[in-house]
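A.B. asks: Shown below is the structure under consideration.
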2 protein chains.
Amino acid sequence: MTDRVMKKHVRNQGRLHCDMGVSINRELELEQPLEDIRHELVLNIVRTATQISQKGALLFRRFDLTEAQFNVLFALKYKTSAWTQSDLSKRLVVTRASITSVLDKLEDKGLVMREKVPGNRRIYHVALTRQGKNLIDTVEPVYRETIHKALDSFSDRQCLELIHRLEQVRARADEVA
Amino acid sequence: MTDRVMKKHVRNQGRLHCDMGVSINRELELEQPLEDIRHELVLNIVRTATQISQKGALLFRRFDLTEAQFNVLFALKYKTSAWTQSDLSKRLVVTRASITSVLDKLEDKGLVMREKVPGNRRIYHVALTRQGKNLIDTVEPVYRETIHKALDSFSDRQCLELIHRLEQVRARADEVA
DNA sequence: ATCAAACTGTTAGACGCTTTACATTTGCCT
DNA sequence: AGGCAAATGTAAAGCGTCTAACAGTTTGAT
């Protein structure tokens, strides 16, 4: 740690001015090193996903949910068979440990339940509670409507093409490993 | 907290078996609620970005870097003017608080330095150290080569089209707010 | 010249994610 | 039947991100 960090703020408890957080006030030169269009594509994909996630987070917060919590509720709503935590982790492409922590929070809120499974003492079946079902039924239409508004300039065909391209990207990226 | 959580593991210190982490052993039904192609597109974008990030993290870890740390070094390498932490936060589209924590770690590793600015006691100019410059110069070619290998089935024109589409998505998503 | 608003960087707390390591349970294979 | 590997869920530590709140500095309007 440098001494810079040691500087402490102890006075000025009153807060009379406004802190608007990050804002754009000055243009940065977005100079590119060389015309590396593939690097640019990668940046664009990540940037778009980030923006989508942040917009989603704002929406979900209106219902006191995080994005991860919404994803779990949404997945549970449309499952047709009994799912374990491990199943959930594969479906959402996160580790089992992540599922444990998200489920802990959802269980505390009374939105999901872990049910012991008679034949197997290792696993739990995860399911929505009545309250969880009600909540996701409330959030889902808002979520879908927002997505449609955001993407209404895209035709179904354009969406499909874009999806196809992204699948190609994933497939190739997988091979490189 | 439920009693489930209270269960403690205290014995069996020996670890003779292998824990390979999450693996795919059983197919999950990926049933979709209705044919919501736009929702599918959103999932695809986020999923692709996640995969890219995880692949990148693997690569960067070979150089003892996280993705966020790489992003900072990479941005600093190609800046043409002096950048403050705030500039960096805008460039990387994260909050100033995030930049503070990443820079703390990079500074501890001796890869970047914060320089006081004579005319303005509020800001620091952030720059690569000699060591930081050397490191990013080592990592960058590997990074670029990986991206090119992963995307070599895309023509420049296809990349451009895809970028354009993604920019459209971001623009529209911004409007919805 | 003053003063309020804006800007910059930091801190604290929360969250999600990962990795690593573990206890327990199950299942397969000889 | 026994034993070893795999599978499941949990815990802890580390990282990056966010929001909120703050101290200090600068700026701009009056």
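How things are named: the first chain in the structure tokens is A, the next is B, and so on; residues count from 1 in each chain; ligands count from 1 in the order shown.
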Least-squares fit on all C-alpha atoms, paired in order: put chain A onto chain B and return it as a short mmCIF file (atom, residue, chain, number, x, y, z; two decimals) with N, CA and C atoms, in the first residue's frame.
C.D. replies:
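Final output, out_1.cif:
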data_model
loop_
_atom_site.label_atom_id
_atom_site.label_comp_id
_atom_site.auth_asym_id
_atom_site.auth_seq_id
_atom_site.Cartn_x
_atom_site.Cartn_y
_atom_site.Cartn_z
N MET A 1 -31.20 -18.50 7.79
CA MET A 1 -30.45 -19.71 7.45
C MET A 1 -31.22 -20.95 7.88
N THR A 2 -31.25 -21.89 7.01
CA THR A 2 -31.93 -23.14 7.35
C THR A 2 -30.95 -24.06 8.03
N ASP A 3 -31.48 -25.13 8.63
CA ASP A 3 -30.58 -26.06 9.30
C ASP A 3 -29.72 -26.81 8.30
N ARG A 4 -30.17 -26.81 7.06
CA ARG A 4 -29.39 -27.43 6.01
C ARG A 4 -27.97 -26.87 5.98
N VAL A 5 -27.88 -25.57 6.19
CA VAL A 5 -26.58 -24.91 6.11
C VAL A 5 -25.71 -25.26 7.31
N MET A 6 -26.37 -25.64 8.38
CA MET A 6 -25.63 -25.88 9.61
C MET A 6 -24.79 -27.15 9.55
N LYS A 7 -25.12 -28.00 8.61
CA LYS A 7 -24.37 -29.25 8.48
C LYS A 7 -22.88 -28.94 8.23
N LYS A 8 -22.05 -29.49 9.05
CA LYS A 8 -20.62 -29.20 8.92
C LYS A 8 -19.85 -30.44 8.52
N HIS A 9 -18.81 -30.24 7.78
CA HIS A 9 -17.95 -31.35 7.41
C HIS A 9 -16.68 -31.25 8.22
N VAL A 10 -16.40 -32.30 8.99
CA VAL A 10 -15.23 -32.21 9.86
C VAL A 10 -14.23 -33.35 9.65
N ARG A 11 -14.70 -34.44 9.06
CA ARG A 11 -13.79 -35.57 8.91
C ARG A 11 -13.32 -35.70 7.47
N ASN A 12 -12.70 -36.84 7.22
CA ASN A 12 -12.29 -37.18 5.87
C ASN A 12 -11.34 -36.16 5.28
N GLN A 13 -10.26 -35.91 6.00
CA GLN A 13 -9.28 -34.94 5.51
C GLN A 13 -8.58 -35.44 4.25
N GLY A 14 -8.39 -36.77 4.20
CA GLY A 14 -7.73 -37.30 3.02
C GLY A 14 -8.58 -37.12 1.78
N ARG A 15 -7.97 -36.79 0.67
CA ARG A 15 -8.72 -36.55 -0.55
C ARG A 15 -8.12 -37.44 -1.62
N LEU A 16 -8.72 -38.62 -1.75
CA LEU A 16 -8.13 -39.60 -2.65
C LEU A 16 -8.79 -39.61 -4.01
N HIS A 17 -9.96 -39.02 -4.07
CA HIS A 17 -10.67 -39.07 -5.34
C HIS A 17 -10.50 -37.76 -6.09
N CYS A 18 -10.98 -37.74 -7.30
CA CYS A 18 -10.81 -36.56 -8.13
C CYS A 18 -12.09 -35.74 -8.19
N ASP A 19 -11.94 -34.42 -8.15
CA ASP A 19 -13.07 -33.52 -8.31
C ASP A 19 -12.87 -32.75 -9.60
N MET A 20 -13.60 -33.16 -10.59
CA MET A 20 -13.38 -32.57 -11.91
C MET A 20 -14.21 -31.31 -12.12
N GLY A 21 -14.88 -30.85 -11.10
CA GLY A 21 -15.70 -29.65 -11.26
C GLY A 21 -16.93 -29.97 -12.08
N VAL A 22 -17.52 -28.96 -12.64
CA VAL A 22 -18.74 -29.13 -13.41
C VAL A 22 -18.43 -29.83 -14.71
N SER A 23 -19.21 -30.79 -15.06
CA SER A 23 -19.05 -31.43 -16.36
C SER A 23 -20.43 -31.78 -16.90
N ILE A 24 -20.48 -32.03 -18.19
CA ILE A 24 -21.77 -32.35 -18.80
C ILE A 24 -21.95 -33.87 -18.77
N ASN A 25 -22.90 -34.32 -18.03
CA ASN A 25 -23.10 -35.76 -17.97
C ASN A 25 -24.51 -36.18 -18.36
N ARG A 26 -25.39 -35.23 -18.41
CA ARG A 26 -26.78 -35.58 -18.70
C ARG A 26 -27.39 -34.43 -19.48
N GLU A 27 -28.15 -34.76 -20.46
CA GLU A 27 -28.74 -33.71 -21.29
C GLU A 27 -29.93 -33.08 -20.59
N LEU A 28 -29.97 -31.78 -20.59
CA LEU A 28 -31.13 -31.08 -20.05
C LEU A 28 -32.04 -30.68 -21.19
N GLU A 29 -33.29 -30.76 -20.93
CA GLU A 29 -34.23 -30.30 -21.94
C GLU A 29 -34.19 -28.78 -21.95
N LEU A 30 -33.87 -28.23 -23.09
CA LEU A 30 -33.78 -26.78 -23.20
C LEU A 30 -35.09 -26.22 -23.73
N GLU A 31 -36.14 -26.62 -23.10
CA GLU A 31 -37.45 -26.23 -23.61
C GLU A 31 -37.64 -24.71 -23.55
N GLN A 32 -38.18 -24.17 -24.58
CA GLN A 32 -38.49 -22.74 -24.60
C GLN A 32 -39.97 -22.54 -24.36
N PRO A 33 -40.31 -21.49 -23.63
CA PRO A 33 -41.70 -21.23 -23.28
C PRO A 33 -42.55 -21.00 -24.53
N LEU A 34 -42.20 -19.99 -25.29
CA LEU A 34 -42.84 -19.78 -26.57
C LEU A 34 -41.71 -19.40 -27.50
N GLU A 35 -42.00 -19.33 -28.76
CA GLU A 35 -40.93 -19.04 -29.70
C GLU A 35 -40.57 -17.57 -29.65
N ASP A 36 -39.85 -17.18 -28.62
CA ASP A 36 -39.48 -15.79 -28.44
C ASP A 36 -38.06 -15.59 -28.96
N ILE A 37 -37.99 -15.29 -30.23
CA ILE A 37 -36.69 -15.25 -30.90
C ILE A 37 -35.83 -14.10 -30.37
N ARG A 38 -36.44 -13.03 -29.91
CA ARG A 38 -35.66 -11.89 -29.43
C ARG A 38 -35.05 -12.18 -28.07
N HIS A 39 -35.81 -12.87 -27.26
CA HIS A 39 -35.24 -13.31 -25.99
C HIS A 39 -34.07 -14.26 -26.25
N GLU A 40 -34.25 -15.11 -27.22
CA GLU A 40 -33.18 -16.05 -27.59
C GLU A 40 -31.92 -15.30 -28.03
N LEU A 41 -32.13 -14.24 -28.75
CA LEU A 41 -30.99 -13.43 -29.21
C LEU A 41 -30.25 -12.82 -28.04
N VAL A 42 -31.02 -12.28 -27.11
CA VAL A 42 -30.40 -11.68 -25.92
C VAL A 42 -29.56 -12.72 -25.19
N LEU A 43 -30.14 -13.89 -24.99
CA LEU A 43 -29.40 -14.95 -24.31
C LEU A 43 -28.11 -15.28 -25.05
N ASN A 44 -28.21 -15.32 -26.39
CA ASN A 44 -27.04 -15.67 -27.18
C ASN A 44 -25.93 -14.64 -27.06
N ILE A 45 -26.30 -13.38 -27.05
CA ILE A 45 -25.29 -12.33 -26.93
C ILE A 45 -24.57 -12.45 -25.59
N VAL A 46 -25.37 -12.57 -24.54
CA VAL A 46 -24.77 -12.64 -23.20
C VAL A 46 -23.91 -13.90 -23.06
N ARG A 47 -24.42 -15.00 -23.58
CA ARG A 47 -23.70 -16.26 -23.47
C ARG A 47 -22.37 -16.20 -24.21
N THR A 48 -22.39 -15.62 -25.39
CA THR A 48 -21.16 -15.52 -26.17
C THR A 48 -20.14 -14.64 -25.46
N ALA A 49 -20.60 -13.53 -24.93
CA ALA A 49 -19.68 -12.64 -24.22
C ALA A 49 -19.09 -13.33 -23.01
N THR A 50 -19.93 -14.08 -22.31
CA THR A 50 -19.44 -14.81 -21.13
C THR A 50 -18.34 -15.79 -21.52
N GLN A 51 -18.60 -16.51 -22.59
CA GLN A 51 -17.60 -17.48 -23.02
C GLN A 51 -16.30 -16.81 -23.42
N ILE A 52 -16.42 -15.71 -24.14
CA ILE A 52 -15.22 -14.98 -24.55
C ILE A 52 -14.44 -14.52 -23.33
N SER A 53 -15.16 -13.98 -22.35
CA SER A 53 -14.49 -13.50 -21.14
C SER A 53 -13.76 -14.63 -20.43
N GLN A 54 -14.43 -15.79 -20.36
CA GLN A 54 -13.82 -16.90 -19.63
C GLN A 54 -12.59 -17.41 -20.36
N LYS A 55 -12.68 -17.47 -21.69
CA LYS A 55 -11.51 -17.88 -22.45
C LYS A 55 -10.37 -16.88 -22.25
N GLY A 56 -10.73 -15.61 -22.28
CA GLY A 56 -9.73 -14.57 -22.07
C GLY A 56 -9.08 -14.69 -20.71
N ALA A 57 -9.90 -14.96 -19.71
CA ALA A 57 -9.38 -15.07 -18.35
C ALA A 57 -8.33 -16.18 -18.27
N LEU A 58 -8.61 -17.29 -18.96
CA LEU A 58 -7.66 -18.39 -18.97
C LEU A 58 -6.33 -17.96 -19.57
N LEU A 59 -6.43 -17.23 -20.66
CA LEU A 59 -5.21 -16.77 -21.35
C LEU A 59 -4.41 -15.83 -20.45
N PHE A 60 -5.11 -14.86 -19.88
CA PHE A 60 -4.42 -13.84 -19.09
C PHE A 60 -3.79 -14.45 -17.85
N ARG A 61 -4.40 -15.49 -17.34
CA ARG A 61 -3.89 -16.09 -16.12
C ARG A 61 -2.49 -16.67 -16.32
N ARG A 62 -2.21 -17.02 -17.56
CA ARG A 62 -0.87 -17.52 -17.84
C ARG A 62 0.17 -16.44 -17.56
N PHE A 63 -0.27 -15.19 -17.56
CA PHE A 63 0.65 -14.08 -17.29
C PHE A 63 0.34 -13.43 -15.95
N ASP A 64 -0.39 -14.17 -15.12
CA ASP A 64 -0.71 -13.66 -13.78
C ASP A 64 -1.52 -12.38 -13.83
N LEU A 65 -2.39 -12.29 -14.82
CA LEU A 65 -3.24 -11.11 -14.95
C LEU A 65 -4.70 -11.54 -14.93
N THR A 66 -5.55 -10.67 -14.42
CA THR A 66 -6.98 -10.88 -14.58
C THR A 66 -7.43 -10.13 -15.82
N GLU A 67 -8.65 -10.38 -16.23
CA GLU A 67 -9.17 -9.72 -17.41
C GLU A 67 -9.21 -8.20 -17.21
N ALA A 68 -9.67 -7.78 -16.04
CA ALA A 68 -9.76 -6.35 -15.77
C ALA A 68 -8.39 -5.70 -15.80
N GLN A 69 -7.40 -6.41 -15.27
CA GLN A 69 -6.05 -5.86 -15.26
C GLN A 69 -5.50 -5.76 -16.68
N PHE A 70 -5.76 -6.79 -17.48
CA PHE A 70 -5.34 -6.72 -18.88
C PHE A 70 -5.99 -5.54 -19.58
N ASN A 71 -7.26 -5.36 -19.37
CA ASN A 71 -7.97 -4.27 -20.05
C ASN A 71 -7.34 -2.92 -19.73
N VAL A 72 -6.94 -2.74 -18.48
CA VAL A 72 -6.30 -1.48 -18.11
C VAL A 72 -4.95 -1.33 -18.81
N LEU A 73 -4.14 -2.35 -18.75
CA LEU A 73 -2.82 -2.27 -19.40
C LEU A 73 -2.97 -2.02 -20.90
N PHE A 74 -3.92 -2.72 -21.49
CA PHE A 74 -4.13 -2.59 -22.94
C PHE A 74 -4.56 -1.18 -23.29
N ALA A 75 -5.46 -0.63 -22.51
CA ALA A 75 -5.93 0.73 -22.77
C ALA A 75 -4.79 1.73 -22.60
N LEU A 76 -4.01 1.52 -21.57
CA LEU A 76 -2.91 2.47 -21.32
C LEU A 76 -1.86 2.42 -22.42
N LYS A 77 -1.67 1.24 -22.97
CA LYS A 77 -0.65 1.12 -24.02
C LYS A 77 -0.94 2.01 -25.22
N TYR A 78 -2.21 2.11 -25.57
CA TYR A 78 -2.55 2.80 -26.81
C TYR A 78 -3.10 4.21 -26.63
N LYS A 79 -3.07 4.71 -25.43
CA LYS A 79 -3.50 6.10 -25.25
C LYS A 79 -2.43 7.02 -25.83
N THR A 80 -2.86 8.17 -26.32
CA THR A 80 -1.89 9.09 -26.92
C THR A 80 -1.70 10.33 -26.05
N SER A 81 -2.62 10.54 -25.10
CA SER A 81 -2.46 11.70 -24.22
C SER A 81 -2.49 11.20 -22.78
N ALA A 82 -2.29 12.11 -21.84
CA ALA A 82 -2.29 11.73 -20.43
C ALA A 82 -3.71 11.40 -20.00
N TRP A 83 -3.87 10.32 -19.27
CA TRP A 83 -5.19 9.89 -18.83
C TRP A 83 -5.28 9.88 -17.31
N THR A 84 -6.39 10.38 -16.82
CA THR A 84 -6.68 10.29 -15.39
C THR A 84 -7.42 8.98 -15.14
N GLN A 85 -7.66 8.67 -13.86
CA GLN A 85 -8.41 7.47 -13.54
C GLN A 85 -9.83 7.57 -14.09
N SER A 86 -10.34 8.80 -14.05
CA SER A 86 -11.69 9.03 -14.55
C SER A 86 -11.76 8.76 -16.06
N ASP A 87 -10.74 9.20 -16.78
CA ASP A 87 -10.68 8.92 -18.21
C ASP A 87 -10.70 7.42 -18.46
N LEU A 88 -9.92 6.73 -17.67
CA LEU A 88 -9.83 5.28 -17.80
C LEU A 88 -11.19 4.63 -17.56
N SER A 89 -11.89 5.15 -16.56
CA SER A 89 -13.19 4.55 -16.23
C SER A 89 -14.18 4.75 -17.38
N LYS A 90 -14.08 5.90 -18.05
CA LYS A 90 -14.98 6.11 -19.19
C LYS A 90 -14.59 5.22 -20.35
N ARG A 91 -13.31 5.11 -20.59
CA ARG A 91 -12.83 4.28 -21.69
C ARG A 91 -13.24 2.83 -21.53
N LEU A 92 -13.15 2.33 -20.32
CA LEU A 92 -13.44 0.92 -20.07
C LEU A 92 -14.90 0.71 -19.66
N VAL A 93 -15.64 1.79 -19.56
CA VAL A 93 -17.05 1.71 -19.22
C VAL A 93 -17.28 0.98 -17.90
N VAL A 94 -16.52 1.38 -16.90
CA VAL A 94 -16.76 0.90 -15.54
C VAL A 94 -16.74 2.12 -14.62
N THR A 95 -17.13 1.94 -13.38
CA THR A 95 -17.18 3.08 -12.47
C THR A 95 -15.77 3.47 -12.02
N ARG A 96 -15.66 4.68 -11.49
CA ARG A 96 -14.36 5.14 -11.00
C ARG A 96 -13.89 4.25 -9.86
N ALA A 97 -14.83 3.80 -9.04
CA ALA A 97 -14.45 2.97 -7.90
C ALA A 97 -13.79 1.67 -8.37
N SER A 98 -14.26 1.12 -9.46
CA SER A 98 -13.65 -0.10 -9.99
C SER A 98 -12.22 0.15 -10.42
N ILE A 99 -12.02 1.28 -11.08
CA ILE A 99 -10.67 1.62 -11.54
C ILE A 99 -9.72 1.73 -10.35
N THR A 100 -10.18 2.37 -9.29
CA THR A 100 -9.35 2.50 -8.10
C THR A 100 -8.84 1.14 -7.64
N SER A 101 -9.74 0.17 -7.57
CA SER A 101 -9.32 -1.11 -7.00
C SER A 101 -8.40 -1.88 -7.95
N VAL A 102 -8.68 -1.81 -9.24
CA VAL A 102 -7.81 -2.50 -10.18
C VAL A 102 -6.42 -1.85 -10.20
N LEU A 103 -6.40 -0.51 -10.18
CA LEU A 103 -5.11 0.18 -10.19
C LEU A 103 -4.32 -0.13 -8.92
N ASP A 104 -4.99 -0.25 -7.81
CA ASP A 104 -4.30 -0.60 -6.57
C ASP A 104 -3.51 -1.89 -6.76
N LYS A 105 -4.17 -2.86 -7.38
CA LYS A 105 -3.49 -4.15 -7.56
C LYS A 105 -2.36 -4.05 -8.57
N LEU A 106 -2.61 -3.33 -9.66
CA LEU A 106 -1.55 -3.18 -10.67
C LEU A 106 -0.37 -2.39 -10.12
N GLU A 107 -0.67 -1.43 -9.27
CA GLU A 107 0.41 -0.62 -8.68
C GLU A 107 1.23 -1.48 -7.72
N ASP A 108 0.54 -2.32 -6.96
CA ASP A 108 1.27 -3.21 -6.06
C ASP A 108 2.20 -4.13 -6.84
N LYS A 109 1.77 -4.52 -8.04
CA LYS A 109 2.61 -5.40 -8.85
C LYS A 109 3.67 -4.62 -9.61
N GLY A 110 3.64 -3.28 -9.50
CA GLY A 110 4.65 -2.48 -10.18
C GLY A 110 4.43 -2.36 -11.67
N LEU A 111 3.17 -2.52 -12.11
CA LEU A 111 2.91 -2.49 -13.56
C LEU A 111 2.41 -1.13 -14.03
N VAL A 112 1.82 -0.35 -13.15
CA VAL A 112 1.38 1.00 -13.51
C VAL A 112 1.80 1.94 -12.39
N MET A 113 1.76 3.24 -12.70
CA MET A 113 2.05 4.22 -11.66
C MET A 113 1.06 5.37 -11.75
N ARG A 114 0.76 5.94 -10.57
CA ARG A 114 -0.08 7.13 -10.49
C ARG A 114 0.85 8.31 -10.29
N GLU A 115 0.76 9.28 -11.19
CA GLU A 115 1.65 10.43 -11.10
C GLU A 115 0.85 11.66 -10.72
N LYS A 116 1.31 12.34 -9.69
CA LYS A 116 0.66 13.59 -9.30
C LYS A 116 0.78 14.59 -10.44
N VAL A 117 -0.26 15.41 -10.58
CA VAL A 117 -0.27 16.39 -11.66
C VAL A 117 -0.08 17.78 -11.05
N PRO A 118 0.96 18.50 -11.45
CA PRO A 118 1.30 19.78 -10.85
C PRO A 118 0.13 20.77 -10.75
N GLY A 119 -0.59 20.98 -11.82
CA GLY A 119 -1.60 22.03 -11.82
C GLY A 119 -2.90 21.68 -11.10
N ASN A 120 -3.08 20.39 -10.72
CA ASN A 120 -4.38 19.95 -10.22
C ASN A 120 -4.16 18.90 -9.14
N ARG A 121 -4.51 19.27 -7.92
CA ARG A 121 -4.21 18.36 -6.80
C ARG A 121 -5.24 17.25 -6.65
N ARG A 122 -6.25 17.26 -7.54
CA ARG A 122 -7.29 16.27 -7.40
C ARG A 122 -6.95 14.98 -8.13
N ILE A 123 -6.27 15.09 -9.23
CA ILE A 123 -6.17 13.98 -10.16
C ILE A 123 -4.78 13.33 -10.20
N TYR A 124 -4.76 12.13 -10.73
CA TYR A 124 -3.52 11.43 -11.03
C TYR A 124 -3.50 11.14 -12.53
N HIS A 125 -2.32 11.15 -13.08
CA HIS A 125 -2.16 10.61 -14.42
C HIS A 125 -1.66 9.18 -14.28
N VAL A 126 -2.30 8.29 -15.00
CA VAL A 126 -1.96 6.88 -14.89
C VAL A 126 -1.11 6.49 -16.08
N ALA A 127 -0.05 5.76 -15.83
CA ALA A 127 0.84 5.35 -16.92
C ALA A 127 1.44 3.98 -16.62
N LEU A 128 1.85 3.30 -17.68
CA LEU A 128 2.54 2.03 -17.54
C LEU A 128 3.94 2.27 -17.00
N THR A 129 4.39 1.38 -16.14
CA THR A 129 5.81 1.39 -15.80
C THR A 129 6.56 0.64 -16.89
N ARG A 130 7.86 0.68 -16.82
CA ARG A 130 8.68 -0.09 -17.76
C ARG A 130 8.24 -1.57 -17.74
N GLN A 131 8.05 -2.06 -16.53
CA GLN A 131 7.67 -3.47 -16.36
C GLN A 131 6.28 -3.74 -16.95
N GLY A 132 5.37 -2.79 -16.73
CA GLY A 132 4.03 -2.93 -17.27
C GLY A 132 4.04 -2.94 -18.79
N LYS A 133 4.84 -2.05 -19.34
CA LYS A 133 4.97 -1.99 -20.81
C LYS A 133 5.50 -3.31 -21.34
N ASN A 134 6.50 -3.83 -20.70
CA ASN A 134 7.06 -5.11 -21.14
C ASN A 134 6.02 -6.22 -21.10
N LEU A 135 5.24 -6.23 -20.01
CA LEU A 135 4.26 -7.30 -19.87
C LEU A 135 3.18 -7.22 -20.94
N ILE A 136 2.61 -6.05 -21.14
CA ILE A 136 1.54 -5.96 -22.14
C ILE A 136 2.10 -6.23 -23.54
N ASP A 137 3.34 -5.87 -23.78
CA ASP A 137 3.95 -6.18 -25.08
C ASP A 137 4.11 -7.68 -25.27
N THR A 138 4.22 -8.39 -24.18
CA THR A 138 4.34 -9.85 -24.27
C THR A 138 2.97 -10.50 -24.46
N VAL A 139 1.98 -9.99 -23.72
CA VAL A 139 0.66 -10.62 -23.74
C VAL A 139 -0.09 -10.31 -25.03
N GLU A 140 0.03 -9.09 -25.49
CA GLU A 140 -0.80 -8.64 -26.61
C GLU A 140 -0.73 -9.54 -27.85
N PRO A 141 0.45 -9.91 -28.31
CA PRO A 141 0.49 -10.76 -29.51
C PRO A 141 -0.22 -12.09 -29.29
N VAL A 142 -0.07 -12.66 -28.11
CA VAL A 142 -0.75 -13.92 -27.82
C VAL A 142 -2.25 -13.73 -27.87
N TYR A 143 -2.69 -12.64 -27.27
CA TYR A 143 -4.11 -12.32 -27.25
C TYR A 143 -4.65 -12.14 -28.67
N ARG A 144 -3.95 -11.35 -29.45
CA ARG A 144 -4.43 -11.10 -30.82
C ARG A 144 -4.43 -12.37 -31.66
N GLU A 145 -3.42 -13.17 -31.46
CA GLU A 145 -3.34 -14.40 -32.25
C GLU A 145 -4.50 -15.33 -31.89
N THR A 146 -4.82 -15.39 -30.61
CA THR A 146 -5.92 -16.24 -30.17
C THR A 146 -7.24 -15.78 -30.79
N ILE A 147 -7.46 -14.49 -30.76
CA ILE A 147 -8.68 -13.96 -31.35
C ILE A 147 -8.76 -14.28 -32.83
N HIS A 148 -7.64 -14.14 -33.52
CA HIS A 148 -7.67 -14.40 -34.95
C HIS A 148 -7.92 -15.87 -35.24
N LYS A 149 -7.32 -16.72 -34.43
CA LYS A 149 -7.57 -18.14 -34.64
C LYS A 149 -9.04 -18.46 -34.39
N ALA A 150 -9.61 -17.84 -33.36
CA ALA A 150 -11.00 -18.13 -33.01
C ALA A 150 -11.97 -17.60 -34.06
N LEU A 151 -11.57 -16.56 -34.76
CA LEU A 151 -12.51 -15.90 -35.68
C LEU A 151 -12.05 -15.99 -37.14
N ASP A 152 -11.17 -16.92 -37.45
CA ASP A 152 -10.63 -16.92 -38.81
C ASP A 152 -11.63 -17.41 -39.85
N SER A 153 -12.76 -17.93 -39.38
CA SER A 153 -13.77 -18.34 -40.36
C SER A 153 -14.65 -17.16 -40.76
N PHE A 154 -14.43 -16.03 -40.11
CA PHE A 154 -15.20 -14.84 -40.45
C PHE A 154 -14.38 -13.94 -41.37
N SER A 155 -15.02 -13.48 -42.43
CA SER A 155 -14.35 -12.51 -43.29
C SER A 155 -14.42 -11.14 -42.62
N ASP A 156 -13.60 -10.23 -43.10
CA ASP A 156 -13.65 -8.86 -42.57
C ASP A 156 -15.05 -8.29 -42.74
N ARG A 157 -15.62 -8.60 -43.87
CA ARG A 157 -16.95 -8.07 -44.16
C ARG A 157 -17.99 -8.62 -43.17
N GLN A 158 -17.89 -9.89 -42.89
CA GLN A 158 -18.82 -10.48 -41.93
C GLN A 158 -18.64 -9.89 -40.54
N CYS A 159 -17.39 -9.66 -40.16
CA CYS A 159 -17.13 -9.04 -38.87
C CYS A 159 -17.78 -7.66 -38.81
N LEU A 160 -17.60 -6.91 -39.89
CA LEU A 160 -18.16 -5.56 -39.92
C LEU A 160 -19.67 -5.58 -39.81
N GLU A 161 -20.29 -6.50 -40.53
CA GLU A 161 -21.75 -6.62 -40.46
C GLU A 161 -22.22 -6.93 -39.06
N LEU A 162 -21.52 -7.87 -38.45
CA LEU A 162 -21.89 -8.28 -37.10
C LEU A 162 -21.73 -7.10 -36.13
N ILE A 163 -20.64 -6.39 -36.27
CA ILE A 163 -20.41 -5.21 -35.43
C ILE A 163 -21.54 -4.20 -35.62
N HIS A 164 -21.91 -4.03 -36.86
CA HIS A 164 -22.98 -3.07 -37.16
C HIS A 164 -24.28 -3.47 -36.46
N ARG A 165 -24.60 -4.75 -36.55
CA ARG A 165 -25.82 -5.24 -35.90
C ARG A 165 -25.77 -5.01 -34.40
N LEU A 166 -24.65 -5.31 -33.82
CA LEU A 166 -24.53 -5.16 -32.37
C LEU A 166 -24.63 -3.69 -31.98
N GLU A 167 -24.09 -2.82 -32.81
CA GLU A 167 -24.23 -1.39 -32.53
C GLU A 167 -25.68 -0.98 -32.57
N GLN A 168 -26.41 -1.57 -33.50
CA GLN A 168 -27.85 -1.29 -33.56
C GLN A 168 -28.53 -1.73 -32.28
N VAL A 169 -28.17 -2.92 -31.83
CA VAL A 169 -28.78 -3.43 -30.60
C VAL A 169 -28.52 -2.45 -29.46
N ARG A 170 -27.28 -2.02 -29.33
CA ARG A 170 -26.93 -1.10 -28.24
C ARG A 170 -27.69 0.21 -28.36
N ALA A 171 -27.79 0.71 -29.58
CA ALA A 171 -28.47 1.98 -29.77
C ALA A 171 -29.94 1.88 -29.37
N ARG A 172 -30.59 0.80 -29.80
CA ARG A 172 -32.00 0.63 -29.47
C ARG A 172 -32.17 0.42 -27.96
N ALA A 173 -31.32 -0.38 -27.40
CA ALA A 173 -31.44 -0.67 -25.97
C ALA A 173 -31.26 0.61 -25.16
N ASP A 174 -30.43 1.50 -25.67
CA ASP A 174 -30.21 2.75 -24.98
C ASP A 174 -31.48 3.60 -24.93
N GLU A 175 -32.21 3.56 -26.04
CA GLU A 175 -33.41 4.39 -26.12
C GLU A 175 -34.47 3.92 -25.13
N VAL A 176 -34.59 2.61 -25.00
CA VAL A 176 -35.62 2.08 -24.12
C VAL A 176 -35.39 2.53 -22.68
N ALA A 177 -34.14 2.57 -22.29
CA ALA A 177 -33.75 3.08 -20.96
C ALA A 177 -34.56 2.49 -19.81
#
A.B. asks: Got a sec to pull out which chain C residues are within 12 Å of chain B, counting only C-alpha atoms (C1' of nucleotides), and send them as a list in words?
C.D. replies: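 Here is what falls inside 12 Å: DC7, DT8, DG9, DT10, DT11, DA12, DC17, DT18, DT19, DT20, DA21, DC22, DA23 and DT24 of chain C.
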A.B. asks: Set the cut-off to 9 Å and count only C-alpha atoms (C1' of nucleotides): what are the residues of chain D that reach chain A? Output as a ChimeraX atom specification.
C.D. replies: /D:7-10,21-24
A.B. asks: Which residue gives the smallest distance to DT26 (chain C) among D:DA20, D:DA12, D:DA29, D:DC4, with only C-alpha atoms (C1' of nucleotides) counted?
C.D. replies: D:DC4
A.B. asks: In Å to one decimal, how far is C1' of DT17 (chain D) from C1' of DG16 (chain C)?
C.D. replies: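 About the pair C1' of DG16 (chain C) and C1' of DT17 (chain D): they are 9.0 Å apart.
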A.B. asks: Quote the spacing between C1' of DG3 (chain D) and C1' of DT30 (chain C) in Å to one decimal place.
C.D. replies: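 The value is 9.5 Å.
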A.B. asks: Using DSSP on the backbone coordinates, identify the residues of region 9-177 of chain A assigned to alpha helix (DSSP H); present them as number ranges by chain.
C.D. replies: A: 37-61, 67-78, 85-92, 96-108, 130-150, 156-176
